[in-house]
$ cat structure21.json   # JSON, C-alpha atoms and all ligand atoms
[["chain", "number", "residue", "atom", "x", "y", "z"],
["T", 1, "MET", "CA", -8.12, 42.55, -14.99],
["T", 2, "LYS", "CA", -8.60, 38.85, -15.51],
["T", 3, "ILE", "CA", -6.36, 36.05, -14.26],
["T", 4, "SER", "CA", -6.75, 32.42, -15.22],
["T", 5, "MET", "CA", -5.74, 29.42, -13.15],
["T", 6, "LEU", "CA", -5.17, 25.95, -14.56],
["T", 7, "PHE", "CA", -5.56, 23.07, -12.12],
["T", 8, "ASP", "CA", -6.51, 19.42, -11.92],
["T", 9, "ILE", "CA", -7.14, 18.98, -8.20],
["T", 10, "MET", "CA", -8.48, 21.80, -6.01],
["T", 11, "ARG", "CA", -6.12, 21.49, -3.06],
["T", 12, "TRP", "CA", -5.90, 23.81, -0.09],
["T", 13, "GLU", "CA", -3.32, 25.82, -2.05],
["T", 14, "GLU", "CA", -5.53, 26.48, -5.09],
["T", 15, "ARG", "CA", -8.46, 27.51, -2.89],
["T", 16, "ALA", "CA", -6.22, 29.86, -0.89],
["T", 17, "ILE", "CA", -4.78, 31.51, -4.01],
["T", 18, "LEU", "CA", -8.27, 31.86, -5.50],
["T", 19, "LYS", "CA", -9.55, 33.49, -2.33],
["T", 20, "ALA", "CA", -6.56, 35.85, -2.11],
["T", 21, "LEU", "CA", -7.21, 37.00, -5.68],
["T", 22, "GLN", "CA", -10.94, 37.40, -5.16],
["T", 23, "ASP", "CA", -10.33, 39.38, -1.97],
["T", 24, "LYS", "CA", -8.34, 41.78, -4.14],
["T", 25, "ASN", "CA", -11.28, 42.05, -6.56],
["T", 26, "VAL", "CA", -9.63, 40.15, -9.37],
["T", 27, "GLU", "CA", -11.77, 38.19, -11.80],
["T", 28, "VAL", "CA", -10.49, 34.61, -11.87],
["T", 29, "GLN", "CA", -11.19, 32.20, -14.69],
["T", 30, "LEU", "CA", -10.69, 28.61, -13.49],
["T", 31, "TYR", "CA", -9.76, 25.87, -15.93],
["T", 32, "ASN", "CA", -9.80, 22.24, -14.87],
["T", 33, "VAL", "CA", -7.30, 20.86, -17.37],
["T", 34, "LYS", "CA", -9.04, 17.49, -17.26],
["T", 35, "GLU", "CA", -12.03, 19.14, -18.90],
["T", 36, "MET", "CA", -10.13, 21.07, -21.56],
["T", 37, "ASN", "CA", -9.90, 20.18, -25.23],
["T", 38, "LEU", "CA", -7.28, 22.36, -26.84],
["T", 39, "ASP", "CA", -7.64, 23.49, -30.45],
["T", 40, "LEU", "CA", -4.07, 23.81, -31.72],
["T", 41, "GLN", "CA", -4.99, 25.73, -34.87],
["T", 42, "ASP", "CA", -7.63, 28.07, -33.60],
["T", 43, "PRO", "CA", -7.03, 28.84, -29.90],
["T", 44, "ASN", "CA", -10.30, 28.28, -28.06],
["T", 45, "TYR", "CA", -9.65, 29.50, -24.51],
["T", 46, "ASP", "CA", -9.28, 32.94, -22.99],
["T", 47, "PHE", "CA", -6.41, 33.00, -20.50],
["T", 48, "GLY", "CA", -6.86, 36.60, -19.46],
["T", 49, "ASP", "CA", -3.99, 38.96, -18.60],
["T", 50, "ILE", "CA", -1.88, 36.28, -16.98],
["T", 51, "SER", "CA", -2.25, 32.61, -16.25],
["T", 52, "LEU", "CA", -1.24, 30.57, -13.20],
["T", 53, "GLN", "CA", -0.38, 26.90, -13.65],
["T", 54, "ARG", "CA", -1.33, 24.68, -10.67],
["T", 55, "SER", "CA", -1.87, 21.24, -12.22],
["T", 56, "THR", "CA", -0.36, 18.49, -10.07],
["T", 57, "GLY", "CA", 0.11, 15.95, -12.87],
["T", 58, "TYR", "CA", 3.47, 16.91, -14.34],
["T", 59, "TYR", "CA", 2.71, 16.00, -17.94],
["T", 60, "ARG", "CA", -0.67, 17.71, -17.92],
["T", 61, "ASN", "CA", 1.03, 20.71, -16.35],
["T", 62, "LEU", "CA", 3.80, 20.87, -18.95],
["T", 63, "HIS", "CA", 1.59, 20.33, -21.98],
["T", 64, "SER", "CA", -1.09, 22.78, -20.95],
["T", 65, "THR", "CA", 1.62, 25.32, -20.13],
["T", 66, "ALA", "CA", 3.02, 24.87, -23.65],
["T", 67, "TYR", "CA", -0.44, 25.58, -25.04],
["T", 68, "VAL", "CA", -0.93, 28.77, -23.05],
["T", 69, "GLU", "CA", 2.49, 30.11, -23.98],
["T", 70, "PHE", "CA", 2.53, 29.11, -27.65],
["T", 71, "THR", "CA", -0.91, 30.65, -28.20],
["T", 72, "GLY", "CA", 0.53, 34.01, -27.21],
["T", 73, "ASN", "CA", -0.19, 34.21, -23.49],
["T", 74, "ARG", "CA", 2.01, 34.46, -20.43],
["T", 75, "ILE", "CA", 1.93, 31.79, -17.75],
["T", 76, "ILE", "CA", 3.57, 31.35, -14.36],
["T", 77, "ASN", "CA", 5.71, 29.32, -14.26],
["T", 78, "ASP", "CA", 6.78, 29.59, -17.86],
["T", 79, "PHE", "CA", 7.35, 26.68, -20.24],
["T", 80, "ASN", "CA", 11.13, 26.73, -20.03],
["T", 81, "SER", "CA", 11.39, 26.69, -16.25],
["T", 82, "THR", "CA", 8.68, 24.00, -16.14],
["T", 83, "ILE", "CA", 10.79, 21.76, -18.36],
["T", 84, "VAL", "CA", 13.87, 22.32, -16.22],
["T", 85, "THR", "CA", 12.27, 22.01, -12.78],
["T", 86, "GLY", "CA", 10.22, 19.00, -13.92],
["T", 87, "ASN", "CA", 13.38, 16.99, -14.41],
["T", 88, "LYS", "CA", 15.91, 16.53, -11.62],
["T", 89, "MET", "CA", 18.80, 15.96, -14.01],
["T", 90, "PHE", "CA", 18.10, 19.12, -16.01],
["T", 91, "THR", "CA", 17.76, 21.08, -12.76],
["T", 92, "SER", "CA", 21.04, 19.73, -11.37],
["T", 93, "LEU", "CA", 22.81, 20.49, -14.64],
["T", 94, "LEU", "CA", 21.56, 24.08, -14.73],
["T", 95, "LEU", "CA", 22.47, 24.68, -11.08],
["T", 96, "SER", "CA", 25.90, 23.18, -11.50],
["T", 97, "GLN", "CA", 26.48, 25.25, -14.63],
["T", 98, "LYS", "CA", 25.66, 28.36, -12.57],
["T", 99, "ARG", "CA", 28.17, 27.28, -9.89],
["T", 100, "ILE", "CA", 25.49, 26.48, -7.32],
["T", 101, "ARG", "CA", 26.53, 23.57, -5.12],
["T", 102, "ILE", "CA", 24.61, 20.32, -5.68],
["T", 103, "PRO", "CA", 25.24, 16.92, -4.06],
["T", 104, "LYS", "CA", 27.70, 14.69, -5.89],
["T", 105, "THR", "CA", 25.50, 13.25, -8.66],
["T", 106, "PHE", "CA", 26.11, 10.82, -11.52],
["T", 107, "VAL", "CA", 23.74, 9.76, -14.29],
["T", 108, "SER", "CA", 24.11, 6.52, -16.21],
["T", 109, "PHE", "CA", 21.99, 4.73, -18.79],
["T", 110, "SER", "CA", 22.44, 1.04, -18.08],
["T", 111, "ASN", "CA", 22.33, -1.24, -15.04],
["T", 112, "GLU", "CA", 25.91, -2.34, -15.54],
["T", 113, "ARG", "CA", 27.24, 1.19, -15.56],
["T", 114, "PHE", "CA", 25.02, 2.20, -12.64],
["T", 115, "LEU", "CA", 26.24, -0.70, -10.49],
["T", 116, "LYS", "CA", 29.89, 0.04, -11.29],
["T", 117, "SER", "CA", 29.31, 3.69, -10.36],
["T", 118, "PHE", "CA", 27.51, 2.66, -7.17],
["T", 119, "LYS", "CA", 30.67, 0.84, -6.07],
["T", 120, "GLU", "CA", 33.32, 3.17, -7.38],
["T", 121, "ASP", "CA", 31.81, 6.67, -7.17],
["T", 122, "PHE", "CA", 29.60, 6.15, -4.12],
["T", 123, "ASN", "CA", 31.45, 3.50, -2.20],
["T", 124, "GLY", "CA", 28.36, 1.30, -1.84],
["T", 125, "ARG", "CA", 25.84, 3.81, -0.49],
["T", 126, "ALA", "CA", 23.69, 6.15, -2.57],
["T", 127, "VAL", "CA", 20.28, 7.64, -3.23],
["T", 128, "THR", "CA", 18.69, 6.91, -6.58],
["T", 129, "LYS", "CA", 15.58, 8.63, -7.88],
["T", 130, "PRO", "CA", 13.45, 9.02, -10.99],
["T", 131, "VAL", "CA", 14.34, 12.24, -12.84],
["T", 132, "THR", "CA", 10.64, 13.11, -12.91],
["T", 133, "GLY", "CA", 8.40, 12.70, -9.87],
["T", 134, "SER", "CA", 7.49, 14.18, -6.52],
["T", 135, "TRP", "CA", 6.28, 13.50, -2.97],
["T", 136, "GLY", "CA", 9.33, 11.27, -2.50],
["T", 137, "ARG", "CA", 7.89, 8.58, -4.75],
["T", 138, "MET", "CA", 10.31, 5.82, -5.77],
["T", 139, "ILE", "CA", 13.29, 7.56, -4.22],
["T", 140, "SER", "CA", 15.53, 4.82, -2.84],
["T", 141, "LEU", "CA", 18.28, 4.91, -0.29],
["T", 142, "LEU", "CA", 20.57, 2.05, -1.29],
["T", 143, "ASN", "CA", 22.75, 0.91, 1.57],
["T", 144, "ASP", "CA", 24.27, -2.14, -0.07],
["T", 145, "TYR", "CA", 25.11, -3.66, -3.41],
["T", 146, "TYR", "CA", 22.31, -6.22, -3.48],
["T", 147, "ALA", "CA", 19.71, -3.53, -2.87],
["T", 148, "ALA", "CA", 21.22, -1.57, -5.78],
["T", 149, "MET", "CA", 21.05, -4.67, -7.98],
["T", 150, "ASP", "CA", 17.43, -5.34, -7.08],
["T", 151, "VAL", "CA", 16.24, -1.78, -7.62],
["T", 152, "SER", "CA", 17.99, -1.54, -10.98],
["T", 153, "GLU", "CA", 16.37, -4.81, -12.03],
["T", 154, "TYR", "CA", 12.91, -3.46, -11.20],
["T", 155, "LYS", "CA", 13.64, -0.38, -13.28],
["T", 156, "ASP", "CA", 14.31, -2.60, -16.29],
["T", 157, "TYR", "CA", 10.65, -3.52, -16.39],
["T", 158, "MET", "CA", 9.41, 0.04, -16.13],
["T", 159, "TYR", "CA", 8.91, 2.91, -18.52],
["T", 160, "PRO", "CA", 12.26, 3.99, -20.10],
["T", 161, "LEU", "CA", 12.29, 7.29, -18.18],
["T", 162, "TYR", "CA", 12.94, 5.20, -15.03],
["T", 163, "GLN", "CA", 16.02, 3.69, -16.64],
["T", 164, "ILE", "CA", 17.83, 7.01, -16.44],
["T", 165, "ASN", "CA", 19.94, 6.29, -13.35],
["T", 166, "TYR", "CA", 20.14, 9.56, -11.45],
["T", 167, "THR", "CA", 22.27, 8.73, -8.43],
["T", 168, "GLN", "CA", 23.47, 10.89, -5.57],
["T", 169, "GLU", "CA", 25.50, 10.78, -2.42],
["T", 170, "TYR", "CA", 23.41, 10.64, 0.75],
["T", 171, "VAL", "CA", 23.60, 14.04, 2.43],
["T", 172, "ASN", "CA", 21.99, 14.27, 5.84],
["T", 173, "ASP", "CA", 24.09, 15.19, 8.83],
["T", 174, "PHE", "CA", 21.32, 16.77, 10.88],
["T", 175, "GLY", "CA", 18.21, 14.64, 10.24],
["T", 176, "ARG", "CA", 16.48, 17.44, 8.36],
["T", 177, "ASP", "CA", 16.54, 19.50, 5.21],
["T", 178, "LEU", "CA", 15.46, 22.99, 4.22],
["T", 179, "ARG", "CA", 12.57, 24.09, 2.03],
["T", 180, "VAL", "CA", 12.65, 27.65, 0.80],
["T", 181, "PHE", "CA", 9.85, 29.45, -1.06],
["T", 182, "ILE", "CA", 10.68, 31.91, -3.80],
["T", 183, "VAL", "CA", 8.07, 34.17, -5.39],
["T", 184, "ASN", "CA", 9.12, 36.54, -8.15],
["T", 185, "ASP", "CA", 12.82, 36.60, -7.19],
["T", 186, "GLN", "CA", 11.94, 37.16, -3.53],
["T", 187, "VAL", "CA", 12.73, 34.63, -0.82],
["T", 188, "ILE", "CA", 9.54, 34.78, 1.22],
["T", 189, "ALA", "CA", 9.47, 31.81, 3.62],
["T", 190, "GLY", "CA", 11.32, 28.75, 4.74],
["T", 191, "ILE", "CA", 10.89, 25.65, 6.85],
["T", 192, "TYR", "CA", 13.06, 22.88, 8.16],
["T", 193, "ARG", "CA", 11.65, 19.47, 7.40],
["T", 194, "TYR", "CA", 12.49, 16.71, 9.87],
["T", 195, "LYS", "CA", 11.95, 13.09, 9.02],
["T", 196, "SER", "CA", 9.45, 11.44, 11.31],
["T", 197, "GLY", "CA", 8.56, 7.85, 12.07],
["T", 198, "GLU", "CA", 10.23, 5.11, 10.10],
["T", 199, "ASP", "CA", 10.75, 6.93, 6.82],
["T", 200, "TRP", "CA", 14.20, 8.28, 5.92],
["T", 201, "ARG", "CA", 12.70, 10.97, 3.67],
["T", 202, "THR", "CA", 11.48, 14.35, 4.90],
["T", 203, "ASN", "CA", 8.62, 15.11, 2.47],
["T", 204, "THR", "CA", 5.69, 16.56, 4.36],
["T", 205, "ALA", "CA", 3.54, 14.39, 2.05],
["T", 206, "LEU", "CA", 5.20, 11.44, 3.84],
["T", 207, "GLY", "CA", 4.66, 12.83, 7.32],
["T", 208, "GLY", "CA", 7.81, 14.98, 7.55],
["T", 209, "ARG", "CA", 7.52, 17.52, 10.35],
["T", 210, "ALA", "CA", 7.80, 21.23, 9.50],
["T", 211, "GLU", "CA", 9.47, 23.83, 11.70],
["T", 212, "PRO", "CA", 10.12, 27.47, 10.94],
["T", 213, "LEU", "CA", 13.42, 28.36, 9.32],
["T", 214, "LYS", "CA", 15.04, 31.72, 9.76],
["T", 215, "ILE", "CA", 16.51, 32.51, 6.38],
["T", 216, "THR", "CA", 20.18, 33.37, 6.74],
["T", 217, "GLY", "CA", 22.31, 35.40, 4.36],
["T", 218, "GLU", "CA", 23.81, 32.25, 2.89],
["T", 219, "VAL", "CA", 20.45, 30.58, 2.17],
["T", 220, "GLU", "CA", 19.15, 33.86, 0.77],
["T", 221, "GLU", "CA", 22.14, 34.07, -1.56],
["T", 222, "ILE", "CA", 21.65, 30.50, -2.80],
["T", 223, "ALA", "CA", 17.94, 31.16, -3.40],
["T", 224, "GLN", "CA", 18.72, 34.33, -5.36],
["T", 225, "LYS", "CA", 21.14, 32.46, -7.58],
["T", 226, "VAL", "CA", 18.63, 29.66, -8.18],
["T", 227, "SER", "CA", 15.91, 32.15, -9.03],
["T", 228, "ALA", "CA", 18.22, 34.01, -11.41],
["T", 229, "ALA", "CA", 19.14, 30.74, -13.11],
["T", 230, "LEU", "CA", 15.50, 29.76, -13.72],
["T", 231, "GLY", "CA", 13.98, 33.18, -14.31],
["T", 232, "PRO", "CA", 11.20, 34.75, -12.23],
["T", 233, "GLY", "CA", 8.50, 32.35, -11.03],
["T", 234, "ILE", "CA", 7.14, 30.50, -8.02],
["T", 235, "TYR", "CA", 9.54, 27.90, -6.69],
["T", 236, "GLY", "CA", 9.99, 25.59, -3.72],
["T", 237, "MET", "CA", 13.67, 24.82, -3.32],
["T", 238, "ASP", "CA", 14.98, 21.85, -1.33],
["T", 239, "ILE", "CA", 18.38, 22.22, 0.30],
["T", 240, "LEU", "CA", 20.29, 19.36, 1.89],
["T", 241, "GLU", "CA", 22.51, 20.14, 4.82],
["T", 242, "SER", "CA", 25.83, 18.58, 5.75],
["T", 243, "LYS", "CA", 28.77, 19.50, 7.94],
["T", 244, "ASP", "CA", 30.36, 20.86, 4.77],
["T", 245, "GLY", "CA", 27.48, 23.22, 4.05],
["T", 246, "TYR", "CA", 24.44, 23.41, 1.84],
["T", 247, "PHE", "CA", 23.63, 21.56, -1.36],
["T", 248, "VAL", "CA", 20.61, 22.33, -3.53],
["T", 249, "ASN", "CA", 18.70, 19.08, -3.94],
["T", 250, "GLU", "CA", 15.88, 20.09, -6.26],
["T", 251, "VAL", "CA", 13.59, 22.93, -7.25],
["T", 252, "ASN", "CA", 9.83, 22.37, -7.42],
["T", 253, "GLY", "CA", 7.89, 24.40, -9.93],
["T", 254, "ASN", "CA", 4.46, 23.63, -8.52],
["T", 255, "THR", "CA", 4.88, 23.75, -4.83],
["T", 256, "GLU", "CA", 2.57, 22.94, -1.92],
["T", 257, "PHE", "CA", 2.58, 25.17, 1.15],
["T", 258, "LYS", "CA", -0.36, 24.07, 3.27],
["T", 259, "ASN", "CA", 1.97, 23.14, 6.13],
["T", 260, "THR", "CA", 4.30, 26.10, 5.73],
["T", 261, "VAL", "CA", 1.70, 28.84, 6.17],
["T", 262, "PRO", "CA", 0.66, 27.89, 9.75],
["T", 263, "VAL", "CA", 4.23, 27.08, 10.81],
["T", 264, "THR", "CA", 5.78, 30.33, 9.57],
["T", 265, "GLY", "CA", 2.76, 32.63, 9.76],
["T", 266, "ILE", "CA", 3.65, 33.86, 6.27],
["T", 267, "ASN", "CA", 0.77, 34.32, 3.90],
["T", 268, "ILE", "CA", 2.22, 32.65, 0.81],
["T", 269, "PRO", "CA", -1.07, 32.76, -1.19],
["T", 270, "ASP", "CA", -1.13, 36.53, -0.71],
["T", 271, "TYR", "CA", 2.39, 36.88, -2.11],
["T", 272, "ILE", "CA", 1.38, 34.77, -5.10],
["T", 273, "ALA", "CA", -1.75, 36.86, -5.68],
["T", 274, "ASP", "CA", 0.27, 40.09, -5.58],
["T", 275, "TYR", "CA", 2.81, 38.65, -7.99],
["T", 276, "LEU", "CA", 0.07, 37.65, -10.44],
["T", 277, "ILE", "CA", -1.56, 41.07, -10.22],
["T", 278, "SER", "CA", 1.74, 42.85, -10.90],
["T", 279, "GLU", "CA", 2.34, 40.59, -13.91],
["T", 280, "ALA", "CA", -1.20, 41.08, -15.19],
["T", 281, "ARG", "CA", -0.61, 44.84, -15.22],
["T", 282, "LYS", "CA", 2.45, 44.51, -17.48],
["H", 1, "LIG", "P1", 10.79, 14.81, -4.50],
["H", 1, "LIG", "O1", 10.64, 15.57, -5.76],
["H", 1, "LIG", "O2", 10.05, 13.51, -4.53],
["H", 1, "LIG", "O3", 10.50, 15.64, -3.28],
["H", 1, "LIG", "P2", 13.58, 14.87, -3.55],
["H", 1, "LIG", "O4", 14.80, 14.80, -4.38],
["H", 1, "LIG", "O5", 13.28, 16.16, -2.88],
["H", 1, "LIG", "O6", 12.36, 14.39, -4.46],
["H", 1, "LIG", "O7", 13.68, 13.71, -2.47],
["H", 1, "LIG", "C1", 12.67, 13.47, -1.49],
["H", 1, "LIG", "C2", 13.29, 13.38, -0.11],
["H", 1, "LIG", "O8", 14.26, 12.32, -0.08],
["H", 1, "LIG", "C3", 14.07, 14.62, 0.28],
["H", 1, "LIG", "O9", 13.22, 15.58, 0.86],
["H", 1, "LIG", "C4", 15.06, 14.07, 1.28],
["H", 1, "LIG", "O10", 14.46, 13.86, 2.55],
["H", 1, "LIG", "C5", 15.38, 12.71, 0.69],
["H", 1, "LIG", "N1", 16.56, 12.79, -0.20],
["H", 1, "LIG", "C6", 16.55, 12.93, -1.55],
["H", 1, "LIG", "N2", 17.79, 12.97, -2.04],
["H", 1, "LIG", "C7", 18.62, 12.87, -0.97],
["H", 1, "LIG", "C8", 20.05, 12.84, -0.82],
["H", 1, "LIG", "N3", 20.86, 12.93, -1.87],
["H", 1, "LIG", "N4", 20.54, 12.72, 0.44],
["H", 1, "LIG", "C9", 19.71, 12.63, 1.51],
["H", 1, "LIG", "N5", 18.38, 12.63, 1.43],
["H", 1, "LIG", "C10", 17.83, 12.75, 0.20],
["H", 2, "ZN", "ZN", 10.18, 17.53, -5.99],
["H", 3, "MG", "MG", 11.57, 17.39, -2.72]]
$ encode --input "structure21.json" --output "structure tokens"
Amino acid sequence: MKISMLFDIMRWEERAILKALQDKNVEVQLYNVKEMNLDLQDPNYDFGDISLQRSTGYYRNLHSTAYVEFTGNRIINDFNSTIVTGNKMFTSLLLSQKRIRIPKTFVSFSNERFLKSFKEDFNGRAVTKPVTGSWGRMISLLNDYYAAMDVSEYKDYMYPLYQINYTQEYVNDFGRDLRVFIVNDQVIAGIYRYKSGEDWRTNTALGGRAEPLKITGEVEEIAQKVSAALGPGIYGMDILESKDGYFVNEVNGNTEFKNTVPVTGINIPDYIADYLISEARK
């Protein structure tokens, strides 16, 4: 059995998955995507029985995933779910279509329409974020109209993707949110993330504090629905919490878990290795 792993940065996560596979006597072929040169006519890489995508750069991730899949190989996560989870609007649309609760969200394509929506749909307070991105980057909590005006003006001078105005109600009644890990349709671990310090966001990449989460029936049910909507894969799902219940904020298709493993005691890399091995056998 041979399993390949595509990556660009060897983080704690990639090392841990590699070790878990090697401990199970699996041959692992590593591919640093930054060193690859893909022949589109005559496929020039061997991806083994199954491939794992771990590249952090979203566009490198998506394009190398396309290559693996279109040259007749299987990769986790697959191309389709990578497109959907790589874009917050597509994710929200899919979840909403499947009757999974998301925060109130509007998308507009011009500053004028965004500012009108900010007033009328969100009553002067909203979160706006790029449809593609992670680690909380460029996610803005707009508490007044002038802030909304200024942020939309900045976006005018940026790449057109940033001019897609994805805007949401602010949902945070308990100073925390939930992160749930799904591997092959199984809900395996969860943490609460509390904001810490000055930042209003909870990303652990921004210093958010992780605490163990006991997964309840309701969270389990939401996670199952999300997994069914996207198809089997490895996902990190963010849930916002309000007095009115849970709202799925986003689904990450290339998730970090360095902080979750020590906090929960759950060996996420081992689950991933077992999943890959079972897929490689198919
Ligand atoms: P990223 O892909 O960068 O993690 P998220 O949509 O998860 O993007 O947003 C990052 C953080 O910002 C979240 O973990 C949460 O703390 C905060 N946040 C994002 N959207 C909202 C929202 N609608 N209401 C309250 N907090 C939010
Ligand atoms: Zn994300
Ligand atoms: Mg997030």
$ closest_atom_pairs --input "structure21.json" --of "chain T" --to "ligand MG 3 (chain H)" --cutoff "12 Å" --atoms "only C-alpha atoms and all ligand atoms" --output "JSON lines"
{"residue": "T:Thr85", "atom": "CA", "partner": "H:MG3", "partner_atom": "MG", "distance": 11.1}
{"residue": "T:Gly86", "atom": "CA", "partner": "H:MG3", "partner_atom": "MG", "distance": 11.4}
{"residue": "T:Asn87", "atom": "CA", "partner": "H:MG3", "partner_atom": "MG", "distance": 11.8}
{"residue": "T:Lys88", "atom": "CA", "partner": "H:MG3", "partner_atom": "MG", "distance": 9.9}
{"residue": "T:Lys129", "atom": "CA", "partner": "H:MG3", "partner_atom": "MG", "distance": 10.9}
{"residue": "T:Pro130", "atom": "CA", "partner": "H:MG3", "partner_atom": "MG", "distance": 11.9}
{"residue": "T:Val131", "atom": "CA", "partner": "H:MG3", "partner_atom": "MG", "distance": 11.7}
{"residue": "T:Thr132", "atom": "CA", "partner": "H:MG3", "partner_atom": "MG", "distance": 11.1}
{"residue": "T:Gly133", "atom": "CA", "partner": "H:MG3", "partner_atom": "MG", "distance": 9.1}
{"residue": "T:Ser134", "atom": "CA", "partner": "H:MG3", "partner_atom": "MG", "distance": 6.4}
{"residue": "T:Trp135", "atom": "CA", "partner": "H:MG3", "partner_atom": "MG", "distance": 6.6}
{"residue": "T:Gly136", "atom": "CA", "partner": "H:MG3", "partner_atom": "MG", "distance": 6.5}
{"residue": "T:Arg137", "atom": "CA", "partner": "H:MG3", "partner_atom": "MG", "distance": 9.8}
{"residue": "T:Ile139", "atom": "CA", "partner": "H:MG3", "partner_atom": "MG", "distance": 10.1}
{"residue": "T:Asp177", "atom": "CA", "partner": "H:MG3", "partner_atom": "MG", "distance": 9.6}
{"residue": "T:Leu178", "atom": "CA", "partner": "H:MG3", "partner_atom": "MG", "distance": 9.7}
{"residue": "T:Arg179", "atom": "CA", "partner": "H:MG3", "partner_atom": "MG", "distance": 8.3}
{"residue": "T:Val180", "atom": "CA", "partner": "H:MG3", "partner_atom": "MG", "distance": 10.9}
{"residue": "T:Arg193", "atom": "CA", "partner": "H:MG3", "partner_atom": "MG", "distance": 10.3}
{"residue": "T:Arg201", "atom": "CA", "partner": "H:MG3", "partner_atom": "MG", "distance": 9.1}
{"residue": "T:Thr202", "atom": "CA", "partner": "H:MG3", "partner_atom": "MG", "distance": 8.2}
{"residue": "T:Asn203", "atom": "CA", "partner": "H:MG3", "partner_atom": "MG", "distance": 6.4}
{"residue": "T:Thr204", "atom": "CA", "partner": "H:MG3", "partner_atom": "MG", "distance": 9.2}
{"residue": "T:Ala205", "atom": "CA", "partner": "H:MG3", "partner_atom": "MG", "distance": 9.8}
{"residue": "T:Leu206", "atom": "CA", "partner": "H:MG3", "partner_atom": "MG", "distance": 10.9}
{"residue": "T:Gly208", "atom": "CA", "partner": "H:MG3", "partner_atom": "MG", "distance": 11.2}
{"residue": "T:Tyr235", "atom": "CA", "partner": "H:MG3", "partner_atom": "MG", "distance": 11.4}
{"residue": "T:Gly236", "atom": "CA", "partner": "H:MG3", "partner_atom": "MG", "distance": 8.4}
{"residue": "T:Met237", "atom": "CA", "partner": "H:MG3", "partner_atom": "MG", "distance": 7.7}
{"residue": "T:Asp238", "atom": "CA", "partner": "H:MG3", "partner_atom": "MG", "distance": 5.8}
{"residue": "T:Ile239", "atom": "CA", "partner": "H:MG3", "partner_atom": "MG", "distance": 8.9}
{"residue": "T:Leu240", "atom": "CA", "partner": "H:MG3", "partner_atom": "MG", "distance": 10.1}
{"residue": "T:Val248", "atom": "CA", "partner": "H:MG3", "partner_atom": "MG", "distance": 10.3}
{"residue": "T:Asn249", "atom": "CA", "partner": "H:MG3", "partner_atom": "MG", "distance": 7.4}
{"residue": "T:Glu250", "atom": "CA", "partner": "H:MG3", "partner_atom": "MG", "distance": 6.2}
{"residue": "T:Val251", "atom": "CA", "partner": "H:MG3", "partner_atom": "MG", "distance": 7.4}
{"residue": "T:Asn252", "atom": "CA", "partner": "H:MG3", "partner_atom": "MG", "distance": 7.1}
{"residue": "T:Gly253", "atom": "CA", "partner": "H:MG3", "partner_atom": "MG", "distance": 10.7}
{"residue": "T:Asn254", "atom": "CA", "partner": "H:MG3", "partner_atom": "MG", "distance": 11.1}
{"residue": "T:Thr255", "atom": "CA", "partner": "H:MG3", "partner_atom": "MG", "distance": 9.5}
{"residue": "T:Glu256", "atom": "CA", "partner": "H:MG3", "partner_atom": "MG", "distance": 10.6}
$ atom_distance --input "structure21.json" --atom1 "CA of Lys258 in chain T" --atom2 "CA of Arg11 in chain T"
8.9 Å
$ residues_near_point --input "structure21.json" --point "(-5.5, 34.9, -14.7)" --cutoff "9 Å" --atoms "only C-alpha atoms" --output "list in words"
Met1, Lys2, Ile3, Ser4, Met5, Leu6, Val26, Glu27, Val28, Gln29, Leu30, Phe47, Gly48, Asp49, Ile50, Ser51, Leu52, Ile75, Leu276, Ile277 and Ala280 of chain T
$ residues_near_point --input "structure21.json" --point "(25.6, 26.0, 2.9)" --cutoff "12 Å" --atoms "all atoms listed in the file" --output "compact mmCIF listing (two decimals) with C-alpha atoms, in the frame of the given file"
# COMPACT_ATOMS: atom_id res chain seq x y z
CA ILE T 100 25.49 26.48 -7.32
CA ARG T 101 26.53 23.57 -5.12
CA ILE T 102 24.61 20.32 -5.68
CA PRO T 103 25.24 16.92 -4.06
CA ASP T 177 16.54 19.50 5.21
CA LEU T 178 15.46 22.99 4.22
CA ILE T 215 16.51 32.51 6.38
CA THR T 216 20.18 33.37 6.74
CA GLY T 217 22.31 35.40 4.36
CA GLU T 218 23.81 32.25 2.89
CA VAL T 219 20.45 30.58 2.17
CA GLU T 220 19.15 33.86 0.77
CA GLU T 221 22.14 34.07 -1.56
CA ILE T 222 21.65 30.50 -2.80
CA ALA T 223 17.94 31.16 -3.40
CA ILE T 239 18.38 22.22 0.30
CA LEU T 240 20.29 19.36 1.89
CA GLU T 241 22.51 20.14 4.82
CA SER T 242 25.83 18.58 5.75
CA LYS T 243 28.77 19.50 7.94
CA ASP T 244 30.36 20.86 4.77
CA GLY T 245 27.48 23.22 4.05
CA TYR T 246 24.44 23.41 1.84
CA PHE T 247 23.63 21.56 -1.36
CA VAL T 248 20.61 22.33 -3.53
CA ASN T 249 18.70 19.08 -3.94
$ closest_residue --input "structure21.json" --among "T:Asn123, T:Thr91, T:Gln168, T:Gln186" --to "ligand LIG 1 (chain H)" --atoms "all atoms listed in the file"
T:Gln168
$ residues_around --input "structure21.json" --residues "Leu142 in chain T" --least-positions-apart "2" --cutoff "12 Å" --atoms "all atoms listed in the file" --output "list in words"
Leu115, Phe118, Lys119, Phe122, Asn123, Gly124, Arg125, Ala126, Val127, Thr128, Lys129, Met138, Ile139, Ser140, Asp144, Tyr145, Tyr146, Ala147, Ala148, Met149, Asp150, Val151, Ser152, Thr167, Gln168, Glu169, Tyr170 and Trp200 of chain T
$ axis_aligned_box --input "structure21.json" --around "ligand LIG 1 (chain H)" --padding-each-side "3 Å" --output "JSON"
{"center_x": 15.5, "center_y": 14.2, "center_z": -1.6, "size_x": 16.8, "size_y": 9.8, "size_z": 14.3}
$ closest_residue --input "structure21.json" --among "T:Thr260, T:Gln53, T:Asn143, T:Gln163" --to "Ser108 in chain T" --atoms "only C-alpha atoms"
T:Gln163
